[in-house]
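J.: Sharing entry-v9.pdb (PDB, C-alpha atoms) below.
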```pdb
MODEL        1
ATOM      1  CA  MET A   1     -47.790-204.106 -26.087
ATOM      2  CA  LEU A   2     -45.127-206.430 -24.728
ATOM      3  CA  ASP A   3     -45.061-208.415 -27.974
ATOM      4  CA  SER A   4     -44.346-205.229 -29.942
ATOM      5  CA  VAL A   5     -41.602-204.171 -27.523
ATOM      6  CA  THR A   6     -40.039-207.632 -27.704
ATOM      7  CA  SER A   7     -40.215-207.612 -31.479
ATOM      8  CA  ALA A   8     -38.577-204.183 -31.662
ATOM      9  CA  MET A   9     -35.772-205.400 -29.417
ATOM     10  CA  HIS A  10     -34.898-208.082 -31.981
ATOM     11  CA  PHE A  11     -33.649-205.209 -34.138
ATOM     12  CA  VAL A  12     -32.558-202.667 -31.546
ATOM     13  CA  GLY A  13     -30.518-205.202 -29.559
ATOM     14  CA  PRO A  14     -28.111-205.966 -32.416
ATOM     15  CA  LEU A  15     -27.794-202.237 -33.146
ATOM     16  CA  LEU A  16     -26.932-201.548 -29.520
ATOM     17  CA  TYR A  17     -24.415-204.393 -29.537
ATOM     18  CA  ALA A  18     -22.820-203.036 -32.734
ATOM     19  CA  LEU A  19     -22.547-199.586 -31.175
ATOM     20  CA  VAL A  20     -20.786-201.080 -28.163
ATOM     21  CA  LEU A  21     -18.424-203.077 -30.407
ATOM     22  CA  VAL A  22     -17.332-200.015 -32.358
ATOM     23  CA  GLY A  23     -16.940-197.949 -29.199
ATOM     24  CA  ALA A  24     -19.717-195.498 -30.012
ATOM     25  CA  PRO A  25     -20.468-193.135 -27.143
ATOM     26  CA  LEU A  26     -23.794-194.450 -25.868
ATOM     27  CA  GLY A  27     -24.431-191.255 -23.925
ATOM     28  CA  ALA A  28     -24.014-189.073 -27.007
ATOM     29  CA  ARG A  29     -26.883-186.815 -27.993
ATOM     30  CA  THR A  30     -26.967-188.520 -31.372
ATOM     31  CA  THR A  31     -27.163-192.098 -30.086
ATOM     32  CA  TRP A  32     -30.273-192.003 -27.921
ATOM     33  CA  PRO A  33     -32.608-190.458 -30.506
ATOM     34  CA  VAL A  34     -31.633-193.176 -32.952
ATOM     35  CA  LEU A  35     -32.270-195.941 -30.413
ATOM     36  CA  VAL A  36     -35.588-194.462 -29.245
ATOM     37  CA  ALA A  37     -36.751-193.905 -32.813
ATOM     38  CA  PHE A  38     -35.761-197.446 -33.790
ATOM     39  CA  VAL A  39     -37.782-198.865 -30.880
ATOM     40  CA  ALA A  40     -40.849-196.816 -31.861
ATOM     41  CA  TRP A  41     -40.412-197.733 -35.520
ATOM     42  CA  GLY A  42     -40.026-201.434 -34.715
ATOM     43  CA  MET A  43     -43.037-201.421 -32.405
ATOM     44  CA  ALA A  44     -45.150-199.728 -35.073
ATOM     45  CA  SER A  45     -44.096-202.238 -37.696
ATOM     46  CA  HIS A  46     -44.823-205.208 -35.472
ATOM     47  CA  ALA A  47     -48.175-203.856 -34.332
ATOM     48  CA  PHE A  48     -49.370-203.078 -37.836
ATOM     49  CA  GLY A  49     -48.247-206.496 -39.025
ATOM     50  CA  ALA A  50     -50.499-208.055 -36.378
ATOM     51  CA  VAL A  51     -53.583-206.158 -37.588
ATOM     52  CA  GLN A  52     -54.142-208.423 -40.589
ATOM     53  CA  ASP A  53     -54.311-211.438 -38.258
ATOM     54  CA  VAL A  54     -56.737-210.145 -35.613
ATOM     55  CA  ARG A  55     -59.576-212.525 -36.410
ATOM     56  CA  ALA A  56     -57.368-215.551 -37.072
ATOM     57  CA  ASP A  57     -55.327-214.939 -33.925
ATOM     58  CA  ARG A  58     -58.423-214.558 -31.783
ATOM     59  CA  GLU A  59     -59.901-217.781 -33.172
ATOM     60  CA  ALA A  60     -56.606-219.546 -32.410
ATOM     61  CA  GLY A  61     -56.434-218.081 -28.913
ATOM     62  CA  ILE A  62     -53.295-216.092 -29.696
ATOM     63  CA  ALA A  63     -52.940-212.798 -27.862
ATOM     64  CA  SER A  64     -51.222-209.883 -29.580
ATOM     65  CA  VAL A  65     -51.301-206.127 -29.372
ATOM     66  CA  ALA A  66     -53.867-206.170 -32.176
ATOM     67  CA  THR A  67     -56.134-208.769 -30.561
ATOM     68  CA  VAL A  68     -56.121-206.763 -27.333
ATOM     69  CA  LEU A  69     -56.502-203.247 -28.760
ATOM     70  CA  GLY A  70     -58.418-204.164 -31.902
ATOM     71  CA  ALA A  71     -57.513-203.527 -35.526
ATOM     72  CA  ARG A  72     -58.460-199.842 -35.647
ATOM     73  CA  ALA A  73     -56.761-198.792 -32.414
ATOM     74  CA  THR A  74     -53.639-200.787 -33.269
ATOM     75  CA  THR A  75     -53.404-199.209 -36.712
ATOM     76  CA  ARG A  76     -53.760-195.747 -35.230
ATOM     77  CA  ALA A  77     -51.144-196.523 -32.576
ATOM     78  CA  ALA A  78     -48.784-197.726 -35.328
ATOM     79  CA  VAL A  79     -49.239-194.473 -37.273
ATOM     80  CA  ALA A  80     -48.540-192.513 -34.089
ATOM     81  CA  ALA A  81     -45.412-194.570 -33.369
ATOM     82  CA  TYR A  82     -44.071-193.992 -36.898
ATOM     83  CA  LEU A  83     -44.669-190.258 -36.447
ATOM     84  CA  LEU A  84     -42.973-190.383 -33.047
ATOM     85  CA  ALA A  85     -39.947-192.038 -34.661
ATOM     86  CA  ALA A  86     -39.825-189.267 -37.267
ATOM     87  CA  GLY A  87     -40.111-186.577 -34.615
ATOM     88  CA  VAL A  88     -37.342-188.064 -32.496
ATOM     89  CA  LEU A  89     -35.030-188.378 -35.500
ATOM     90  CA  ALA A  90     -35.658-184.727 -36.398
ATOM     91  CA  VAL A  91     -33.546-183.641 -33.404
ATOM     92  CA  LEU A  92     -30.395-185.155 -34.900
ATOM     93  CA  PRO A  93     -27.781-182.771 -36.272
ATOM     94  CA  TRP A  94     -27.492-182.420 -40.036
ATOM     95  CA  PRO A  95     -27.314-184.629 -42.093
ATOM     96  CA  GLY A  96     -28.716-187.136 -39.584
ATOM     97  CA  ALA A  97     -31.955-185.156 -39.382
ATOM     98  CA  LEU A  98     -32.692-186.374 -42.906
ATOM     99  CA  ALA A  99     -33.537-189.699 -41.269
ATOM    100  CA  ALA A 100     -36.707-188.076 -39.905
ATOM    101  CA  VAL A 101     -38.243-188.352 -43.365
ATOM    102  CA  LEU A 102     -37.759-192.125 -43.555
ATOM    103  CA  PRO A 103     -40.555-193.313 -41.207
ATOM    104  CA  LEU A 104     -43.089-191.053 -42.956
ATOM    105  CA  PRO A 105     -43.847-193.351 -45.915
ATOM    106  CA  TYR A 106     -44.684-196.077 -43.384
ATOM    107  CA  ALA A 107     -46.999-193.697 -41.517
ATOM    108  CA  VAL A 108     -48.751-192.706 -44.741
ATOM    109  CA  SER A 109     -49.083-196.287 -45.930
ATOM    110  CA  THR A 110     -50.415-197.459 -42.557
ATOM    111  CA  ALA A 111     -52.798-194.505 -42.298
ATOM    112  CA  ARG A 112     -54.629-195.854 -45.365
ATOM    113  CA  PHE A 113     -56.104-198.387 -42.916
ATOM    114  CA  TRP A 114     -57.105-195.790 -40.303
ATOM    115  CA  ALA A 115     -60.690-197.053 -40.239
ATOM    116  CA  VAL A 116     -59.973-200.799 -40.478
ATOM    117  CA  ARG A 117     -62.250-202.917 -38.308
ATOM    118  CA  ASP A 118     -61.721-206.280 -36.709
ATOM    119  CA  GLU A 119     -64.302-207.662 -39.150
ATOM    120  CA  ASP A 120     -62.261-206.652 -42.219
ATOM    121  CA  CYS A 121     -58.761-206.772 -40.702
ATOM    122  CA  GLU A 122     -57.514-208.995 -43.499
ATOM    123  CA  ARG A 123     -57.528-206.038 -45.882
ATOM    124  CA  ALA A 124     -54.530-204.692 -43.928
ATOM    125  CA  ASN A 125     -52.510-207.381 -45.726
ATOM    126  CA  THR A 126     -52.284-204.940 -48.641
ATOM    127  CA  GLY A 127     -50.586-202.497 -46.294
ATOM    128  CA  TRP A 128     -48.279-205.226 -45.053
ATOM    129  CA  ARG A 129     -47.186-206.002 -48.619
ATOM    130  CA  THR A 130     -46.511-202.286 -49.145
ATOM    131  CA  PHE A 131     -44.499-202.333 -45.913
ATOM    132  CA  LEU A 132     -42.246-205.052 -47.319
ATOM    133  CA  VAL A 133     -41.507-202.971 -50.427
ATOM    134  CA  LEU A 134     -40.911-199.878 -48.302
ATOM    135  CA  ASN A 135     -38.339-201.833 -46.301
ATOM    136  CA  LEU A 136     -36.260-202.349 -49.433
ATOM    137  CA  VAL A 137     -36.346-198.690 -50.465
ATOM    138  CA  VAL A 138     -35.957-197.223 -46.981
ATOM    139  CA  GLY A 139     -33.245-199.712 -46.075
ATOM    140  CA  PHE A 140     -31.260-198.509 -49.080
ATOM    141  CA  LEU A 141     -31.802-194.873 -48.072
ATOM    142  CA  VAL A 142     -30.748-195.537 -44.477
ATOM    143  CA  THR A 143     -27.591-197.204 -45.755
ATOM    144  CA  MET A 144     -26.783-194.270 -48.042
ATOM    145  CA  LEU A 145     -27.405-191.809 -45.207
ATOM    146  CA  LEU A 146     -25.122-193.747 -42.861
ATOM    147  CA  ILE A 147     -22.394-193.774 -45.494
ATOM    148  CA  ALA A 148     -22.800-190.007 -45.979
ATOM    149  CA  ILE A 149     -22.606-189.415 -42.227
ATOM    150  CA  ALA A 150     -19.539-191.644 -41.887
ATOM    151  CA  ARG A 151     -17.798-189.748 -44.683
ATOM    152  CA  SER A 152     -18.549-186.314 -43.246
TER
ENDMDL
END
```
Take the structure from the file and write it as structure tokens.
T.:
Amino acid sequence: MLDSVTSAMHFVGPLLYALVLVGAPLGARTTWPVLVAFVAWGMASHAFGAVQDVRADREAGIASVATVLGARATTRAAVAAYLLAAGVLAVLPWPGALAAVLPLPYAVSTARFWAVRDEDCERANTGWRTFLVLNLVVGFLVTMLLIAIARS
């Protein structure tokens, strides 16, 4: 799990730094849900990305969350983490609560591989390619939501 936490911190760290730079109140009830959700979301994304490489990573002697837990358990953990991110974001005041919808397409897309096995882990690459497209769409929506919140 440490590799997924570390990977998530590559994204959460700059966000935290930006919040400090702009003087955002880090103890605010709106800040912590965003940070927690972003960690869960980042961990889910990293973990699911590792599923497609389970066999190759094991053959190469590379340890990852997916080589330790296996393809199926890692995929299910990723779905759960996306849902956790959505649930945490749902506590934000309006219109921030709209952000709770944004991890759901990732959860649905990842859930398509609910029964993936180590032996056919490579088929999760289809889900990874969907993930890349989702990043474009969801990134746009996050940006629009942040602009709407800033203007309110």
J.: I would like the residues chosen by the PyMOL selection byres ((chain A and resi 31-42) around 6) on the shown file; could you give them as a list in words?
T.: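 That expression, the PyMOL selection byres ((chain A and resi 31-42) around 6), corresponds here to Ala8, Leu26, Ala28, Arg29, Thr30, Met43, Ala44, Ser45, Ala81, Tyr82, Ala85, Val88 and Leu89 of chain A.
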J.: Calculated over only C-alpha atoms, which of the candidates A:Ala111, A:Ala150, A:Ala80, A:Leu102 has the smallest distance to Val137 in chain A?
T.: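 Closest residue, counting only C-alpha atoms: A:Leu102.
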J.: How far is it from CA of Ala50 in chain A to CA of Ala66 in chain A, in Å with one decimal?
T.: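 The value is 5.7 Å.
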J.: Provide the CA of Val79 in chain A to CA of Arg117 in chain A distance in Å, to one decimal place.
T.: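 Answer for the CA of Val79 in chain A to CA of Arg117 in chain A separation: 15.5 Å.
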J.: Quick one: which range 5-114 of chain A residues come within 12 Å of range 142-149 of chain A, and what is the nearest atom pair for each with the distance in Å to one decimal, counting only C-alpha atoms, rows ordered by chain and ascending number, as JSON lines?
T.:
```
{"residue": "A:Thr30", "atom": "CA", "partner": "A:Ile149", "partner_atom": "CA", "distance": 11.7}
{"residue": "A:Val34", "atom": "CA", "partner": "A:Val142", "partner_atom": "CA", "distance": 11.8}
{"residue": "A:Phe38", "atom": "CA", "partner": "A:Val142", "partner_atom": "CA", "distance": 12.0}
{"residue": "A:Leu92", "atom": "CA", "partner": "A:Ile149", "partner_atom": "CA", "distance": 11.5}
{"residue": "A:Pro93", "atom": "CA", "partner": "A:Ile149", "partner_atom": "CA", "distance": 10.3}
{"residue": "A:Trp94", "atom": "CA", "partner": "A:Ile149", "partner_atom": "CA", "distance": 8.8}
{"residue": "A:Pro95", "atom": "CA", "partner": "A:Ile149", "partner_atom": "CA", "distance": 6.7}
{"residue": "A:Gly96", "atom": "CA", "partner": "A:Ile149", "partner_atom": "CA", "distance": 7.0}
{"residue": "A:Ala97", "atom": "CA", "partner": "A:Leu145", "partner_atom": "CA", "distance": 9.9}
{"residue": "A:Leu98", "atom": "CA", "partner": "A:Leu145", "partner_atom": "CA", "distance": 7.9}
{"residue": "A:Ala99", "atom": "CA", "partner": "A:Val142", "partner_atom": "CA", "distance": 7.2}
{"residue": "A:Ala100", "atom": "CA", "partner": "A:Val142", "partner_atom": "CA", "distance": 10.6}
{"residue": "A:Val101", "atom": "CA", "partner": "A:Val142", "partner_atom": "CA", "distance": 10.4}
{"residue": "A:Leu102", "atom": "CA", "partner": "A:Val142", "partner_atom": "CA", "distance": 7.9}
{"residue": "A:Pro103", "atom": "CA", "partner": "A:Val142", "partner_atom": "CA", "distance": 10.6}
```
J.: Go ahead and dump the residues you just picked, C-alpha atoms, as a compact mmCIF listing (two decimals), in the frame of the given file.
T.:
```
# COMPACT_ATOMS: atom_id res chain seq x y z
CA THR A 30 -26.97 -188.52 -31.37
CA VAL A 34 -31.63 -193.18 -32.95
CA PHE A 38 -35.76 -197.45 -33.79
CA LEU A 92 -30.40 -185.16 -34.90
CA PRO A 93 -27.78 -182.77 -36.27
CA TRP A 94 -27.49 -182.42 -40.04
CA PRO A 95 -27.31 -184.63 -42.09
CA GLY A 96 -28.72 -187.14 -39.58
CA ALA A 97 -31.96 -185.16 -39.38
CA LEU A 98 -32.69 -186.37 -42.91
CA ALA A 99 -33.54 -189.70 -41.27
CA ALA A 100 -36.71 -188.08 -39.90
CA VAL A 101 -38.24 -188.35 -43.36
CA LEU A 102 -37.76 -192.12 -43.56
CA PRO A 103 -40.56 -193.31 -41.21
```
J.: What separation in Å, quoted to one decimal, exists between CA of Leu21 in chain A and CA of Leu84 in chain A?
T.: 27.8 Å
J.: Considering only C-alpha atoms, return as a ChimeraX atom specification whatever protein or nucleic-acid residues lie within 12 Å of Arg129 in chain A, sequence-local ones (same chain, fewer than 6 positions apart) excluded.
T.: /A:45,48-49,52,106,109-110,122-123,135-136
J.: With distances taken over only C-alpha atoms, which residue among A:Ala63, A:Gly23, A:His46, A:Ala86 lies nearest Phe11 in chain A?
T.: A:His46
